[in-house]
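K.L.:
Contents are compact mmCIF, C-alpha atoms; file name input29.txt:
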```
# COMPACT_ATOMS: atom_id res chain seq x y z
CA MET A 1 0.00 0.00 0.00
CA THR A 2 1.53 3.30 -1.03
CA ILE A 3 0.47 6.93 -1.12
CA SER A 4 0.42 8.78 -4.40
CA GLY A 5 3.68 10.61 -4.86
CA VAL A 6 5.39 8.82 -1.99
CA ARG A 7 8.12 6.25 -2.55
CA PRO A 8 8.56 3.50 0.08
CA ILE A 9 11.64 3.72 2.24
CA ASP A 10 12.87 0.28 1.29
CA THR A 11 12.30 -2.05 -1.63
CA PRO A 12 11.15 -5.67 -1.77
CA ALA A 13 14.01 -8.01 -1.07
CA ARG A 14 14.86 -11.66 -0.63
CA THR A 15 17.25 -13.17 1.85
CA ASP A 16 19.23 -16.38 2.12
CA GLY A 17 17.84 -17.78 -1.16
CA VAL A 18 14.53 -18.73 0.49
CA ARG A 19 11.40 -17.38 -1.15
CA ALA A 20 9.37 -14.91 0.83
CA ALA A 21 5.92 -15.67 2.14
CA THR A 22 3.23 -14.87 -0.40
CA PRO A 23 0.41 -12.43 0.42
CA ARG A 24 -1.90 -15.44 0.73
CA GLU A 25 0.44 -17.16 3.19
CA ASP A 26 0.67 -13.98 5.26
CA ALA A 27 -3.13 -13.63 5.17
CA VAL A 28 -3.59 -17.17 6.50
CA MET A 29 -1.12 -16.40 9.28
CA VAL A 30 -3.08 -13.26 10.18
CA LEU A 31 -6.31 -15.25 10.47
CA LEU A 32 -4.69 -17.87 12.69
CA ALA A 33 -3.00 -15.15 14.75
CA ALA A 34 -6.40 -13.53 15.25
CA CYS A 35 -7.64 -16.84 16.66
CA LEU A 36 -4.67 -16.89 19.05
CA VAL A 37 -5.35 -13.34 20.24
CA GLY A 38 -9.06 -14.13 20.50
CA GLY A 39 -8.23 -17.10 22.71
CA ALA A 40 -6.04 -14.88 24.91
CA LEU A 41 -8.90 -12.40 25.15
CA SER A 42 -11.34 -15.11 26.19
CA ASP A 43 -8.94 -16.29 28.88
CA GLY A 44 -8.41 -12.73 30.09
CA TRP A 45 -12.18 -12.21 30.20
CA ALA A 46 -12.55 -15.38 32.25
CA HIS A 47 -9.89 -14.23 34.73
CA ALA A 48 -11.65 -10.87 35.07
CA ASN A 49 -15.27 -12.04 35.26
CA VAL A 50 -15.69 -15.72 36.16
CA ILE A 51 -12.59 -16.45 38.20
CA GLU A 52 -14.63 -18.21 40.89
CA THR A 53 -15.57 -20.96 38.40
CA LEU A 54 -12.02 -21.62 37.18
CA GLU A 55 -10.40 -24.78 38.43
CA GLY A 56 -6.93 -25.78 37.28
CA PHE A 57 -5.39 -25.51 33.84
CA PHE A 58 -7.97 -27.34 31.72
CA THR A 59 -10.68 -24.75 31.06
CA PRO A 60 -12.71 -23.89 27.91
CA TRP A 61 -10.86 -20.58 27.63
CA HIS A 62 -7.47 -22.24 27.73
CA GLY A 63 -8.82 -24.58 25.07
CA LEU A 64 -9.54 -21.61 22.78
CA LEU A 65 -6.14 -20.08 23.53
CA TYR A 66 -4.15 -23.23 22.79
CA ALA A 67 -6.24 -24.07 19.73
CA GLY A 68 -5.27 -20.67 18.29
CA PHE A 69 -1.66 -21.35 19.23
CA ALA A 70 -1.67 -24.81 17.64
CA GLY A 71 -2.97 -23.43 14.34
CA SER A 72 -0.47 -20.54 14.31
CA ALA A 73 2.45 -22.79 15.26
CA ALA A 74 1.57 -25.42 12.66
CA TRP A 75 1.32 -22.82 9.90
CA THR A 76 4.61 -21.18 10.90
CA PHE A 77 6.48 -24.50 10.67
CA TRP A 78 4.61 -25.54 7.51
CA LEU A 79 5.88 -22.42 5.74
CA ALA A 80 9.46 -23.47 6.48
CA TYR A 81 8.80 -27.10 5.53
CA GLN A 82 7.39 -26.01 2.16
CA ARG A 83 10.76 -24.44 1.39
CA ARG A 84 12.79 -27.59 2.00
CA ASP A 85 13.64 -27.65 -1.74
CA GLN A 86 15.61 -24.44 -1.20
CA ALA A 87 16.78 -25.27 2.33
CA PRO A 88 17.19 -29.01 3.00
CA ARG A 89 17.71 -28.19 6.69
CA TRP A 90 14.40 -26.37 6.65
CA TRP A 91 14.06 -26.39 10.45
CA ARG A 92 17.11 -24.12 10.55
CA ASP A 93 17.30 -22.32 7.20
CA GLY A 94 13.84 -22.56 5.63
CA TRP A 95 12.07 -19.69 7.34
CA PRO A 96 10.56 -17.04 5.05
CA ALA A 97 11.60 -13.50 5.89
CA GLY A 98 9.92 -12.44 9.11
CA TYR A 99 9.01 -15.92 10.37
CA ARG A 100 12.23 -16.98 12.10
CA LEU A 101 11.34 -14.91 15.17
CA GLY A 102 7.83 -16.31 14.94
CA ALA A 103 9.26 -19.83 15.17
CA PHE A 104 11.23 -18.81 18.25
CA GLY A 105 7.97 -17.40 19.62
CA VAL A 106 6.34 -20.81 19.13
CA LEU A 107 9.03 -22.46 21.27
CA LEU A 108 8.75 -19.73 23.89
CA PHE A 109 4.95 -20.02 23.98
CA LEU A 110 5.18 -23.80 24.29
CA THR A 111 7.61 -23.45 27.20
CA GLY A 112 5.33 -20.92 28.86
CA GLY A 113 2.30 -23.16 28.31
CA LEU A 114 3.94 -26.14 29.97
CA ALA A 115 5.05 -23.95 32.87
CA ASP A 116 1.56 -22.49 33.14
CA MET A 117 0.02 -25.96 33.33
CA VAL A 118 2.36 -26.95 36.17
CA TRP A 119 1.73 -23.60 37.87
CA HIS A 120 -2.07 -23.91 37.71
CA GLU A 121 -2.13 -27.53 38.82
CA THR A 122 0.22 -27.01 41.76
CA ILE A 123 -0.31 -23.43 42.92
CA GLY A 124 -3.74 -22.58 41.54
CA ILE A 125 -5.46 -19.88 39.48
CA GLU A 126 -3.99 -16.38 39.63
CA VAL A 127 -6.26 -13.48 40.50
CA GLY A 128 -5.82 -9.82 39.56
CA LEU A 129 -2.22 -8.64 39.58
CA GLU A 130 -1.06 -12.16 40.28
CA ALA A 131 -2.17 -13.19 36.79
CA THR A 132 -0.37 -10.22 35.25
CA PHE A 133 2.94 -10.90 36.95
CA SER A 134 2.91 -14.68 36.66
CA PRO A 135 6.24 -15.65 35.01
CA SER A 136 4.53 -18.31 32.88
CA HIS A 137 2.03 -15.75 31.60
CA MET A 138 4.87 -13.41 30.68
CA LEU A 139 6.51 -16.16 28.62
CA LEU A 140 3.19 -16.88 26.92
CA ASP A 141 2.63 -13.22 26.09
CA VAL A 142 6.11 -12.55 24.70
CA GLY A 143 5.93 -15.72 22.62
CA GLY A 144 2.48 -14.78 21.39
CA VAL A 145 3.60 -11.31 20.31
CA LEU A 146 6.50 -12.80 18.31
CA ILE A 147 4.14 -15.26 16.61
CA VAL A 148 1.37 -12.85 15.60
CA THR A 149 3.78 -10.21 14.27
CA SER A 150 5.38 -12.52 11.70
CA PRO A 151 3.30 -11.07 8.81
CA LEU A 152 4.39 -7.59 9.91
CA ARG A 153 8.05 -8.52 9.56
CA SER A 154 7.29 -10.25 6.26
CA TRP A 155 5.78 -7.00 4.96
CA TRP A 156 8.82 -5.07 6.14
CA ALA A 157 11.14 -7.42 4.27
CA THR A 158 9.22 -7.73 1.01
CA GLY A 159 7.06 -4.62 0.69
CA ARG A 160 4.05 -6.82 -0.08
CA GLY A 161 0.91 -7.28 2.01
CA ALA A 162 0.38 -3.93 3.72
CA ILE A 163 -3.06 -4.87 5.02
CA ALA A 164 -1.75 -8.08 6.58
CA GLY A 165 1.14 -6.11 8.06
CA ILE A 166 -1.12 -3.50 9.64
CA VAL A 167 -3.47 -6.15 11.03
CA SER A 168 -0.44 -8.04 12.33
CA VAL A 169 0.97 -5.07 14.25
CA THR A 170 -2.52 -4.47 15.66
CA LEU A 171 -2.72 -8.06 16.87
CA GLY A 172 0.74 -7.68 18.40
CA ALA A 173 -0.35 -4.62 20.38
CA MET A 174 -3.52 -6.43 21.46
CA ALA A 175 -1.53 -9.43 22.64
CA ALA A 176 0.78 -7.19 24.66
CA THR A 177 -2.25 -5.54 26.25
CA ILE A 178 -3.15 -8.56 28.34
CA LEU A 179 -0.18 -7.96 30.67
CA LEU A 180 -0.98 -4.25 30.94
CA THR A 181 -4.70 -4.26 31.68
CA HIS A 182 -3.98 -3.05 35.21
CA SER A 183 -2.39 0.11 33.75
CA SER A 184 -4.57 0.79 30.72
CA ALA A 185 -5.74 4.35 30.16
CA PHE A 186 -8.80 2.90 28.41
CA MET A 187 -10.01 1.59 31.78
CA THR A 188 -9.02 4.44 34.06
CA MET A 189 -11.68 6.63 35.62
CA ALA A 190 -9.11 8.77 37.44
CA PRO A 191 -9.83 11.96 35.44
CA THR A 192 -13.48 11.79 36.54
CA GLN A 193 -12.51 11.72 40.24
CA PRO A 194 -12.08 14.97 42.22
CA TYR A 195 -8.51 15.90 43.08
CA ASP A 196 -8.12 17.92 46.29
CA GLY A 197 -4.41 18.60 45.93
CA VAL A 198 -3.58 17.01 49.28
CA ASP A 199 -0.24 15.21 49.04
CA GLY A 200 -0.47 13.30 52.31
CA ASP A 201 -0.76 13.57 56.07
CA ALA A 202 1.68 13.96 58.92
CA SER A 203 2.44 10.23 58.85
CA GLY A 204 3.77 10.56 55.33
CA LEU A 205 0.96 8.55 53.74
CA GLU A 206 -0.17 9.76 50.35
CA GLY A 207 -3.61 11.35 50.11
CA MET A 208 -6.11 9.05 48.39
CA THR A 209 -7.00 11.50 45.65
CA ARG A 210 -3.31 11.97 44.91
CA LEU A 211 -2.81 8.22 44.62
CA VAL A 212 -5.77 7.90 42.28
CA ALA A 213 -4.45 10.77 40.16
CA LEU A 214 -0.91 9.37 40.02
CA THR A 215 -2.23 5.96 38.99
CA GLY A 216 -4.29 7.61 36.27
CA VAL A 217 -1.38 9.64 34.92
CA SER A 218 0.82 6.52 34.92
CA SER A 219 -1.80 4.65 32.89
CA TYR A 220 -1.64 7.31 30.17
CA VAL A 221 2.15 7.07 30.02
CA ILE A 222 2.15 3.27 29.80
CA THR A 223 -0.63 3.12 27.21
CA THR A 224 1.09 5.80 25.15
CA LEU A 225 4.14 3.53 24.93
CA LEU A 226 1.96 0.54 24.04
CA LEU A 227 0.26 2.41 21.18
CA THR A 228 3.00 4.67 19.86
CA VAL A 229 5.93 2.25 19.65
CA PRO A 230 4.14 -0.14 17.23
CA LEU A 231 2.92 2.77 15.10
CA LEU A 232 6.40 4.26 14.80
CA LEU A 233 7.88 0.85 13.99
CA VAL A 234 5.53 0.73 11.02
CA LEU A 235 5.90 4.33 9.89
CA ARG A 236 9.68 4.26 9.92
CA ARG A 237 9.56 1.56 7.24
CA ARG A 238 6.93 3.03 4.91
CA PRO A 239 3.60 4.91 4.96
CA ALA A 240 0.80 2.88 6.54
CA PRO A 241 -2.60 4.54 6.11
CA GLY A 242 -4.97 3.41 8.83
CA ALA A 243 -2.31 2.02 11.16
CA ALA A 244 -2.94 4.56 13.94
CA THR A 245 -6.68 3.85 13.90
CA ALA A 246 -6.20 0.08 13.71
CA VAL A 247 -3.76 -0.13 16.64
CA THR A 248 -5.88 2.16 18.84
CA ALA A 249 -9.13 0.39 17.98
CA GLY A 250 -7.60 -3.06 18.53
CA VAL A 251 -6.18 -2.26 21.97
CA ALA A 252 -9.34 -0.41 23.04
CA LEU A 253 -11.57 -3.26 21.85
CA PHE A 254 -9.45 -5.80 23.73
CA ILE A 255 -9.92 -3.88 26.98
CA MET A 256 -13.61 -3.19 26.42
CA VAL A 257 -14.46 -6.82 25.66
CA MET A 258 -12.38 -8.10 28.56
CA PHE A 259 -14.29 -5.89 31.02
CA GLU A 260 -17.68 -6.10 29.26
CA PHE A 261 -17.93 -2.56 27.87
CA PRO A 262 -18.25 -0.29 30.92
CA ALA A 263 -20.27 2.71 29.70
CA ALA A 264 -18.02 5.67 30.53
CA GLN A 265 -14.81 3.93 29.46
CA ALA A 266 -16.48 2.78 26.23
CA ALA A 267 -17.38 6.38 25.43
CA GLY A 268 -13.77 7.39 26.02
CA ALA A 269 -12.50 4.51 23.88
CA ILE A 270 -14.76 5.42 20.95
CA ALA A 271 -13.62 9.04 21.12
CA ALA A 272 -9.97 7.90 21.32
CA VAL A 273 -10.39 5.89 18.11
CA CYS A 274 -11.88 8.97 16.46
CA GLY A 275 -8.82 10.92 17.56
CA ALA A 276 -6.58 8.23 16.05
CA ALA A 277 -8.51 8.47 12.78
CA VAL A 278 -7.85 12.22 12.68
CA ALA A 279 -4.17 11.51 13.32
CA ASP A 280 -4.16 9.04 10.42
CA ALA A 281 -5.71 11.60 8.08
CA LEU A 282 -3.18 14.26 9.07
CA LEU A 283 -0.22 11.88 8.74
CA ILE A 284 -1.35 10.82 5.27
CA ARG A 285 -1.64 14.47 4.29
CA PHE A 286 1.79 15.31 5.69
CA ASP A 287 3.39 12.44 3.75
CA ARG A 288 1.76 13.56 0.52
CA VAL A 289 2.84 17.15 0.94
CA ARG A 290 6.23 16.77 2.62
CA GLY A 291 7.27 13.26 1.55
CA ILE A 292 8.41 10.43 3.79
CA GLY A 293 11.97 11.69 3.82
CA ALA A 294 10.94 15.01 5.38
CA PRO A 295 12.87 16.15 8.46
CA LEU A 296 11.22 15.39 11.81
CA ARG A 297 8.56 13.21 10.15
CA LEU A 298 8.50 10.57 12.88
CA MET A 299 8.89 13.09 15.68
CA ILE A 300 5.78 14.90 14.43
CA ALA A 301 3.89 11.62 14.07
CA GLY A 302 4.94 10.54 17.56
CA ALA A 303 3.70 13.78 19.10
CA LEU A 304 0.51 14.14 17.08
CA PHE A 305 -0.79 10.63 17.63
CA PRO A 306 -1.05 10.46 21.46
CA ALA A 307 -2.12 14.10 21.69
CA LEU A 308 -5.16 13.44 19.49
CA VAL A 309 -5.94 10.02 20.97
CA TRP A 310 -5.96 11.24 24.58
CA SER A 311 -7.72 14.49 23.71
CA GLY A 312 -10.49 12.39 22.23
CA GLN A 313 -10.54 9.95 25.13
CA LEU A 314 -10.73 12.69 27.76
CA LEU A 315 -13.50 14.38 25.79
CA GLY A 316 -15.43 11.11 25.69
CA LEU A 317 -14.98 10.64 29.44
CA HIS A 318 -16.13 14.20 30.03
CA LEU A 319 -19.29 13.76 27.98
CA ALA A 320 -20.10 10.47 29.70
CA GLU A 321 -19.10 11.16 33.30
CA GLY A 322 -17.48 14.57 33.62
CA VAL A 323 -13.73 15.23 33.94
CA ARG A 324 -12.98 16.61 37.40
CA TRP A 325 -9.23 16.95 37.22
CA PRO A 326 -8.01 20.55 37.26
CA ALA A 327 -7.14 21.97 33.84
CA GLU A 328 -3.42 21.77 34.61
CA MET A 329 -3.67 18.00 34.98
CA TRP A 330 -5.77 16.94 32.02
CA THR A 331 -4.03 19.34 29.65
CA GLY A 332 -0.71 18.27 31.16
CA VAL A 333 -1.46 14.62 30.36
CA ILE A 334 -2.01 15.53 26.72
CA VAL A 335 1.16 17.63 26.50
CA PHE A 336 3.30 15.12 28.43
CA THR A 337 2.27 12.17 26.27
CA ALA A 338 2.86 14.27 23.15
CA ILE A 339 6.38 15.05 24.37
CA LEU A 340 6.93 11.36 25.13
CA GLY A 341 5.71 10.44 21.65
CA ALA A 342 7.98 13.07 20.09
CA LEU A 343 10.98 11.61 21.92
CA LEU A 344 10.08 8.12 20.71
CA GLY A 345 9.69 9.49 17.19
CA THR A 346 13.09 11.16 17.40
CA LEU A 347 14.69 7.86 18.40
CA ALA A 348 12.89 6.02 15.61
CA GLY A 349 13.78 8.72 13.11
CA GLY A 350 17.46 8.43 13.92
CA TYR A 351 17.35 4.82 12.72
CA ALA A 352 14.79 5.12 9.94
CA GLY A 353 17.30 6.08 7.29
CA GLN A 354 19.10 2.75 7.52
CA PRO A 355 17.82 0.18 5.04
CA ALA A 356 15.74 -2.40 6.84
CA GLY A 357 14.24 -4.45 4.08
CA ASN A 358 17.19 -6.77 3.56
CA ARG A 359 17.24 -8.18 7.07
CA GLN A 360 15.55 -11.42 7.92
CA SER A 361 14.10 -12.12 11.35
```
Once more with this new file: its structure as structure tokens, please.

P.N.:
Amino acid sequence: MTISGVRPIDTPARTDGVRAATPREDAVMVLLAACLVGGALSDGWAHANVIETLEGFFTPWHGLLYAGFAGSAAWTFWLAYQRRDQAPRWWRDGWPAGYRLGAFGVLLFLTGGLADMVWHETIGIEVGLEATFSPSHMLLDVGGVLIVTSPLRSWWATGRGAIAGIVSVTLGAMAATILLTHSSAFMTMAPTQPYDGVDGDASGLEGMTRLVALTGVSSYVITTLLLTVPLLLVLRRRPAPGAATAVTAGVALFIMVMFEFPAAQAAGAIAAVCGAAVADALLIRFDRVRGIGAPLRLMIAGALFPALVWSGQLLGLHLAEGVRWPAEMWTGVIVFTAILGALLGTLAGGYAGQPAGNRQS
């Protein structure tokens, strides 16, 4: 997918004499990856809503999760096996561009799954933050992200399959979300809570409204990283119309489904997606007018994206529930996340000029 008048940063390439994945092969991987992420979402929903009925490792939600994993893993290894004519040692050398890391993710996920089974059967079901910080869950999540982003890396290497690449990076952000639900700005109601400015009492304990506010601000910082890093990884390779909207909508949908669409947060999420769509439109326009080699391109994208997303989300919260933070705080969140995004964009921009299409991962 290209924009009229804009030349991609890198050109399609092949590596190691092994043919790249075709658009059809990437599309199949995206569908199977969506099943994997859907299974993770169902398991996250179960942990959040029906934890009292969970007993041990063998649950329907784990069944969905591991079915999605089995399909994704089988397809990843099948792609390498199909190339055994070019790489007789296909298990080592037959991976299409972008799928080698996915194969490592399969092994990591399998290790995490076995550890999770032992954990559940010996220690029990994790609740709340325990589930988030469970080492076996961390292995599962990292492995899952590597698996579902294989089509993204394939697109980077070949220049083909932009839609699959954008969906893939969205699935990767959604998969990462499951370990960050406790710090998601899409679930916070902190801006709707009064802030009295009291830092603490004589004992040194923090005031409750201050703690709520600090937790809320932290959630915006963490979610900005979760959304902006994948977007910049895409934009530094080539233009990607719709990527900002897709990543924001995917992460927001994951959170909303997991917690059964709480009304005020859903209003904020919808408005955040609208803000992302505006960011997409502006970024497309900037690329057409200035070109993708323009100075400060990624810095501008990194600043614009979170500023519009969180402006929209705060507006949605205000319409649904009323924002009660003082103006310095809610405007400060927007400005701070924009500065953070600009810094991330500056870092990405410093590397963007190096050809990336000829590397295989």

K.L.:
Give me the residues near stretch 24-30 of chain A as a list in words, where near means some atom within 7 Å (using all atoms listed in the file) and where sequence neighbours in that chain fewer than 2 positions away do not count.

P.N.:
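That gives Ala21, Thr22, Leu32, Ala33, Ala34, Ser72, Trp75, Pro151, Ala164 and Ser168 of chain A.
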
K.L.:
Can you tell me which residues surround A:Ala67 at a distance of at most 10 Å, considering all atoms listed in the file, apart from same-chain residues fewer than 4 positions away, and format the answer as an NGL selection string?

P.N.:
:A and (32 or 35-36 or 39 or 61-63 or 71-73)

K.L.:
Based on the selection just made, write C-alpha atoms of those residues as a compact mmCIF listing (two decimals), in the frame of the given file.

P.N.:
```txt
# COMPACT_ATOMS: atom_id res chain seq x y z
CA LEU A 32 -4.69 -17.87 12.69
CA CYS A 35 -7.64 -16.84 16.66
CA LEU A 36 -4.67 -16.89 19.05
CA GLY A 39 -8.23 -17.10 22.71
CA TRP A 61 -10.86 -20.58 27.63
CA HIS A 62 -7.47 -22.24 27.73
CA GLY A 63 -8.82 -24.58 25.07
CA GLY A 71 -2.97 -23.43 14.34
CA SER A 72 -0.47 -20.54 14.31
CA ALA A 73 2.45 -22.79 15.26
```

K.L.:
Find the residue from A:Ala40, A:Leu226, A:Met189, A:Leu139 that sits nearest to A:Arg324; use only C-alpha atoms when measuring.

P.N.:
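Smallest distance to A:Arg324 is found for A:Met189.
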
K.L.:
Pick the closest to A:Gly94 from A:Val18, A:Val118, A:Leu152, A:Ala240: which is it, counting only C-alpha atoms?

P.N.:
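Among A:Val18, A:Val118, A:Leu152, A:Ala240, it is A:Val18 that comes nearest to A:Gly94.
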
K.L.:
Which residue out of A:Ala244, A:Ala20, A:Val142, A:Met329 has the minimum interatomic distance to A:Arg160 when all atoms listed in the file are used?

P.N.:
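Checking each of A:Ala244, A:Ala20, A:Val142, A:Met329 against A:Arg160, counting all atoms listed in the file, the winner is A:Ala20.
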
K.L.:
Within 8 Å of A:Thr188, counting only C-alpha atoms, which residues qualify if same-chain residues fewer than 2 places away don't, as a PyMOL selection string?

P.N.:
chain A and resi 183-186+190-191+216+219+265

K.L.:
Counting all atoms listed in the file, which of A:Leu146, A:Ala157, A:Leu304, A:Ile222 gets nearest to A:Leu180?

P.N.:
A:Ile222

K.L.:
For A:Thr245, which residue out of A:Ala80, A:Ala276, A:Ile300, A:Ala348 is the nearest one, using only C-alpha atoms?

P.N.:
A:Ala276

K.L.:
Residues near A:Glu260, anyone? I mean within 9 Å using only C-alpha atoms, not counting same-chain ones fewer than 3 positions away, as a list in words.

P.N.:
Trp45, Asn49, Ile255, Met256 and Val257 of chain A

K.L.:
Given the choices A:Gly350, A:Pro23, A:Gly268, A:Ala173, which gets closest to A:Thr192 if the distance is worked out from only C-alpha atoms?

P.N.:
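Closest to A:Thr192, using only C-alpha atoms: A:Gly268.
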
K.L.:
The residues within 9 Å of (-7.3, 16.0, 39.8), using all atoms listed in the file and the coordinates of the file, should be reported as a PyMOL selection string; which are they?

P.N.:
chain A and resi 190-197+209-210+212-213+323-330

K.L.:
Could you state the separation of atom CA of A:Val217 and atom CA of A:Val333 in Å, given to one decimal place?

P.N.:
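Answer for the atom CA of A:Val217 to atom CA of A:Val333 separation: 6.8 Å.
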